[in-house]
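Colleague: Dropping the structure in here first, questions after.
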Amino acid sequence: MSTIDSPLRHRSRLDPEPVPRRDFLGLAALWSAATALGFAALGALRLPKAAVLPSPSKKFRVQLPESLPPGQAFVPRGRAVAIFRDGGGVFAVSTVCTHLGCIVKPTPHGFDCPCHGSKFALDGSVVRGPAPAPLRWLAVTASGGEIVVDEGTTVPAGTRAAV
Amino acid sequence: MSGSAPAGGLQQLLANLRVAPRRLRETMFRSGPPVSDRARASFIFGNVFLHLHPARVHRWSLRWSTTWGLGIVALSAFLVTLITGVLLMFYYKPYPDVAYESIKNIHFVVPTGRFMRNIHRWAAHLMVVAVLAHMARVFYTAAYRRPREFNWLVGMALLVTTLGLSFSGYLLPWDQLAYWAITIGANIAQSPREVTDALGITAFFDPGGLNKVLLLGAEEVGQEALIRFYLFHVMLLPLVLVALLAVHFWRIRKDGGLARPDDATQRLGPPHPATYPVFTEAPQKTYHLAAIVRGRTPAVGNGPEGTVPAMPHLLYAELALFMLTVGICLALAVLFDAPLKEVANPAVPENPAKAPWYFLGLQELVSFSAFMGGIGIPTIVLVGLGLIPYLDREETGSGEWFGGPGGGRVVAGAALFGLLSAVAIEAFAIRFGWVRQWWPAAPQLLITAFNPGTVLTAVYAAYSLWLVRRYASTRAGALGLFTCFLAGFLVLTVIGTYFRGPNWEFYWSPAQWPGH
């Protein structure tokens, strides 16, 4: 015994307790295993988030009907967009509800959401219900007789494209 | 055999062959038929499928009114969904363009397919009902107290997993309900954006967006989302559920069986003459392992007084409950078909678009605020429920229905208060609208924090704190809070189910819905 603890004879009572070698190696093994498994788990958790997300093209071309009175929505088939034409030009409002993603329905006064009762004015601003934000206005460019709507680009409300 | 003459080898072989079936049976079961008390015990612990049971069980635990068998019904319903679910997997295809067709095939072409799908659906609904009722039973008999606190948490995890299984299940047919439920579910997962957007920090910190991408695997609902929900439904969540079930059942035994009052044996009176031997006193003191290992175990210092053998008493009760569950599922499956709506149409949601009944309370809450209704309030409720066993450290009334200070009167009062305040707040919001109608420019954070759902939660919390003061008892507060939440859940579910029509407007009856 005396040969083992001889260096400890000068130990102050403030010094930490010496850790036996066996315990130290055991703890080291435990922590390395935990670290390795932790990083392995992190790596595995990284997998479900793909680097590139599949997404269809957000731009589409559409021909507006000849007569589209101001305030009346034109909804291209299969698209969640309402297109309007008035004196200032053409503009497009997304019909995806900003609350939980249902498709709102254009009415003479604005838009109604069937899922949780949000109501929007014709310019997309929230009139009532749980929607946290106004409907998005989408970038529109006119080219010849057709217009191109970009569902991926939001523009400030009130932005119109001259026809 | 070694002593036999070499000429007898063939005879020996034949003799061995003759007894082989009996030997097979003997080697398969580790003990003989359960005729003696000892053999009844080893029938249980010598069988890998039964050995989670105790060898003896207290008579109090076997009374119908102790549990109403709700836990076993929930487990039985799960087993039924497991079997029918595997059968459905023979034909179901998790691809958006064929999923709907494959469900139609199961319904109209596959032999017994329609029946199996109906049973699967009804067992799933029964499981949700049984899990909720089981939770209420455990709560009202104060069975969550020491040493069962942790098992209450495991039970809550089981409730969440059960709801996850139901949700991921009704997405698979890819009909209108499925498509819009995925859309709404994914957007609820994204709803922390309601707060991060209002604070203007979404660009740096966007947990909502991450949630949505992880659930959908894409920017929009489609193939990636369907395969993910299929994976959750048939693999990930069942594995989690089974692992949690194992812990849940194991802890029941380790925590000393079902909770019962201290004087349970006296209150039961003498046993029915037909019961198998009731243990009354130890002829000689025996120690089982729990008595010698260190640490506190509920069995230390207790003999098996007042217990009866689990075989046959407990096992036959469980078998009866399993058959009852199967019977209910079969009857419902014969009478009612599982619904299948029109094929998913990403351009037009149904109007109204309603979730299954057990999520309609949640749908009513998200119609006030997506984040608070879908994430905030459910989290508050779960945290509150999880804290109950750690806050209520009292001893009176354990194992008794509505046990604790105030007891049944507190529960009745809280039920009335919970129902009335939920109806009152809903009536106010339906009649007079809410902040957005009065003040269109209201900041979103105000509406997130202050809406009918959060007001109701705060009212319930205040009422429960008042009960804690009034009865000087945490248990009284817990009784009030739990009862209020059950009442609120009931009111919101009923309103969501019967009184919401197109555009989620209030209608007294579906007959008043405007025609489309």
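Residue names in the structure tokens use chain letters A, B, ... in the order shown, residue numbers from 1 in each chain, and ligand numbers from 1 in the order shown.
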Could you please select, counting only C-alpha atoms, the residues of chain B within 6 Å of chain A and state them as a PyMOL selection string?
Modeller: chain B and resi 184+187+214+218+347+351-353+367-369+436-437+444+503-504
Colleague: Need the shell around range 390-398 of chain B: protein/DNA/RNA residues with any atom at most 9 Å away, counting only C-alpha atoms. Skip same-chain ones fewer than 4 positions apart. Format as a compact mmCIF listing (two decimals) with N, CA and C atoms, in the first residue's frame?
Modeller:
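Dumped to around-v8.txt:
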# COMPACT_ATOMS: atom_id res chain seq x y z
N THR B 141 -59.13 6.74 -10.15
CA THR B 141 -58.87 5.87 -9.00
C THR B 141 -57.53 6.23 -8.36
N ALA B 142 -56.95 7.37 -8.73
CA ALA B 142 -55.67 7.83 -8.17
C ALA B 142 -54.63 6.73 -8.24
N ALA B 143 -54.63 5.97 -9.35
CA ALA B 143 -53.71 4.85 -9.48
C ALA B 143 -52.36 5.28 -10.05
N TYR B 144 -52.17 6.60 -10.21
CA TYR B 144 -50.90 7.08 -10.76
C TYR B 144 -49.90 7.39 -9.66
N ARG B 145 -50.33 7.25 -8.40
CA ARG B 145 -49.45 7.70 -7.32
C ARG B 145 -48.29 6.74 -7.09
N ARG B 146 -47.36 7.17 -6.24
CA ARG B 146 -46.19 6.39 -5.92
C ARG B 146 -46.58 4.95 -5.65
N GLU B 149 -45.84 6.47 -10.70
CA GLU B 149 -45.76 7.74 -11.44
C GLU B 149 -45.23 7.53 -12.85
N ALA B 259 -53.37 -0.59 -8.23
CA ALA B 259 -53.54 0.15 -6.98
C ALA B 259 -54.79 -0.33 -6.27
N ARG B 260 -54.73 -0.44 -4.95
CA ARG B 260 -55.92 -0.82 -4.18
C ARG B 260 -55.81 -0.15 -2.81
N PRO B 261 -56.97 0.06 -2.17
CA PRO B 261 -56.93 0.66 -0.83
C PRO B 261 -56.25 -0.29 0.14
N ASP B 262 -55.77 0.26 1.26
CA ASP B 262 -55.05 -0.57 2.23
C ASP B 262 -55.95 -1.66 2.81
N GLY B 386 -48.76 15.05 -17.34
CA GLY B 386 -47.55 14.36 -16.91
C GLY B 386 -47.09 14.80 -15.54
N PHE B 402 -62.85 8.16 -7.64
CA PHE B 402 -62.99 9.55 -7.20
C PHE B 402 -62.43 9.74 -5.79
N GLY B 403 -61.39 8.94 -5.47
CA GLY B 403 -60.80 9.05 -4.14
C GLY B 403 -60.08 10.37 -3.98
N GLY B 404 -60.00 10.82 -2.72
CA GLY B 404 -59.29 12.06 -2.44
C GLY B 404 -60.21 13.09 -1.85
N PRO B 405 -59.64 14.20 -1.32
CA PRO B 405 -60.46 15.23 -0.69
C PRO B 405 -61.49 15.78 -1.66
N GLY B 407 -63.59 14.43 -3.44
CA GLY B 407 -64.07 13.24 -4.14
C GLY B 407 -65.11 13.53 -5.21
N SER B 473 -55.67 20.78 -0.99
CA SER B 473 -55.26 19.46 -1.49
C SER B 473 -54.94 19.55 -2.97
N THR B 474 -53.76 19.05 -3.36
CA THR B 474 -53.40 19.00 -4.77
C THR B 474 -54.31 18.04 -5.53
N ARG B 475 -54.69 16.95 -4.86
CA ARG B 475 -55.54 15.96 -5.51
C ARG B 475 -56.87 16.58 -5.93
N ALA B 478 -56.24 18.46 -9.01
CA ALA B 478 -56.03 17.56 -10.14
C ALA B 478 -57.36 16.99 -10.63
Colleague: To one decimal in Å, tell me the separation between CA of Pro108 in chain A and CA of Ile83 in chain A.
Modeller: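 Calculated distance between CA of Pro108 in chain A and CA of Ile83 in chain A is 13.7 Å.
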Colleague: Take CA of Arg267 in chain B and CA of Trp401 in chain B and report the distance between them in Å, one decimal.
Modeller: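 About the pair CA of Arg267 in chain B and CA of Trp401 in chain B: they are 14.4 Å apart.
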Colleague: Can you tell me which residues surround Phe84 in chain A at a distance of at most 9 Å, considering only C-alpha atoms, apart from same-chain residues fewer than 6 positions away, and format the answer as a compact mmCIF listing (two decimals) with N, CA and C atoms, in the first residue's frame?
Modeller:
# COMPACT_ATOMS: atom_id res chain seq x y z
N LEU A 68 -63.52 39.60 -68.52
CA LEU A 68 -63.32 39.27 -67.11
C LEU A 68 -63.57 40.54 -66.33
N PRO A 69 -64.83 40.72 -65.85
CA PRO A 69 -65.14 41.97 -65.18
C PRO A 69 -64.28 42.15 -63.93
N PRO A 70 -63.97 43.40 -63.55
CA PRO A 70 -63.16 43.65 -62.36
C PRO A 70 -63.83 43.02 -61.14
N GLY A 71 -63.03 42.42 -60.28
CA GLY A 71 -63.57 41.81 -59.06
C GLY A 71 -63.97 40.37 -59.24
N GLN A 72 -64.03 39.91 -60.52
CA GLN A 72 -64.37 38.50 -60.72
C GLN A 72 -63.11 37.68 -60.92
N ALA A 73 -63.03 36.56 -60.20
CA ALA A 73 -61.81 35.75 -60.22
C ALA A 73 -61.83 34.78 -61.38
N PHE A 74 -60.66 34.60 -61.99
CA PHE A 74 -60.49 33.54 -62.97
C PHE A 74 -59.52 32.53 -62.37
N VAL A 90 -53.34 43.29 -64.53
CA VAL A 90 -53.64 41.93 -64.10
C VAL A 90 -52.89 41.64 -62.82
N PHE A 91 -53.56 40.93 -61.90
CA PHE A 91 -52.84 40.46 -60.71
C PHE A 91 -53.36 39.09 -60.31
N ALA A 92 -52.52 38.35 -59.59
CA ALA A 92 -52.86 36.98 -59.20
C ALA A 92 -52.71 36.84 -57.70
N VAL A 93 -53.72 36.22 -57.05
CA VAL A 93 -53.70 35.98 -55.61
C VAL A 93 -53.70 34.48 -55.39
Colleague: Write out as a list in words which residues come within 8 Å of Glu151 in chain A when counting only C-alpha atoms, dropping same-chain ones fewer than 4 positions away.
Modeller: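 Surrounding residues, per the criterion: Lys58, Lys59, Ser94, Leu138 and Ala139 of chain A.
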Colleague: Just the number, please: distance in Å from CA of Thr84 in chain B to CA of Gly164 in chain B, one decimal.
Modeller: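 So the two atoms, CA of Thr84 in chain B and CA of Gly164 in chain B, lie 18.0 Å apart.
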Colleague: Compile the contact shell of Gly124 in chain A as an NGL selection string: residues with an atom at most 8 Å away, counting only C-alpha atoms, same-chain residues fewer than 6 positions apart removed.
Modeller: :A and (93 or 110-111 or 134-137)
Colleague: Could you save the residues just selected, with C-alpha atoms, as a PDB file, in the first residue's frame?
Modeller:
ATOM      1  CA  VAL A  93     -53.702  35.984 -55.610  1.00  0.00           C
ATOM      2  CA  GLY A 110     -63.380  37.968 -51.249  1.00  0.00           C
ATOM      3  CA  PHE A 111     -62.317  34.453 -50.320  1.00  0.00           C
ATOM      4  CA  PRO A 134     -53.026  37.817 -45.838  1.00  0.00           C
ATOM      5  CA  LEU A 135     -53.208  35.679 -48.970  1.00  0.00           C
ATOM      6  CA  ARG A 136     -50.031  35.914 -51.072  1.00  0.00           C
ATOM      7  CA  TRP A 137     -49.939  38.047 -54.217  1.00  0.00           C
TER       8      TRP A 137
END
Colleague: Enumerate, as a PyMOL selection string, the complete set of residues in range 138-348 of chain B that a backbone-based DSSP assignment places in alpha helix (DSSP H).
Modeller: chain B and resi 138-140+149-170+176-190+192-199+207-216+223-231+237-254+264-268+289-292+310-335
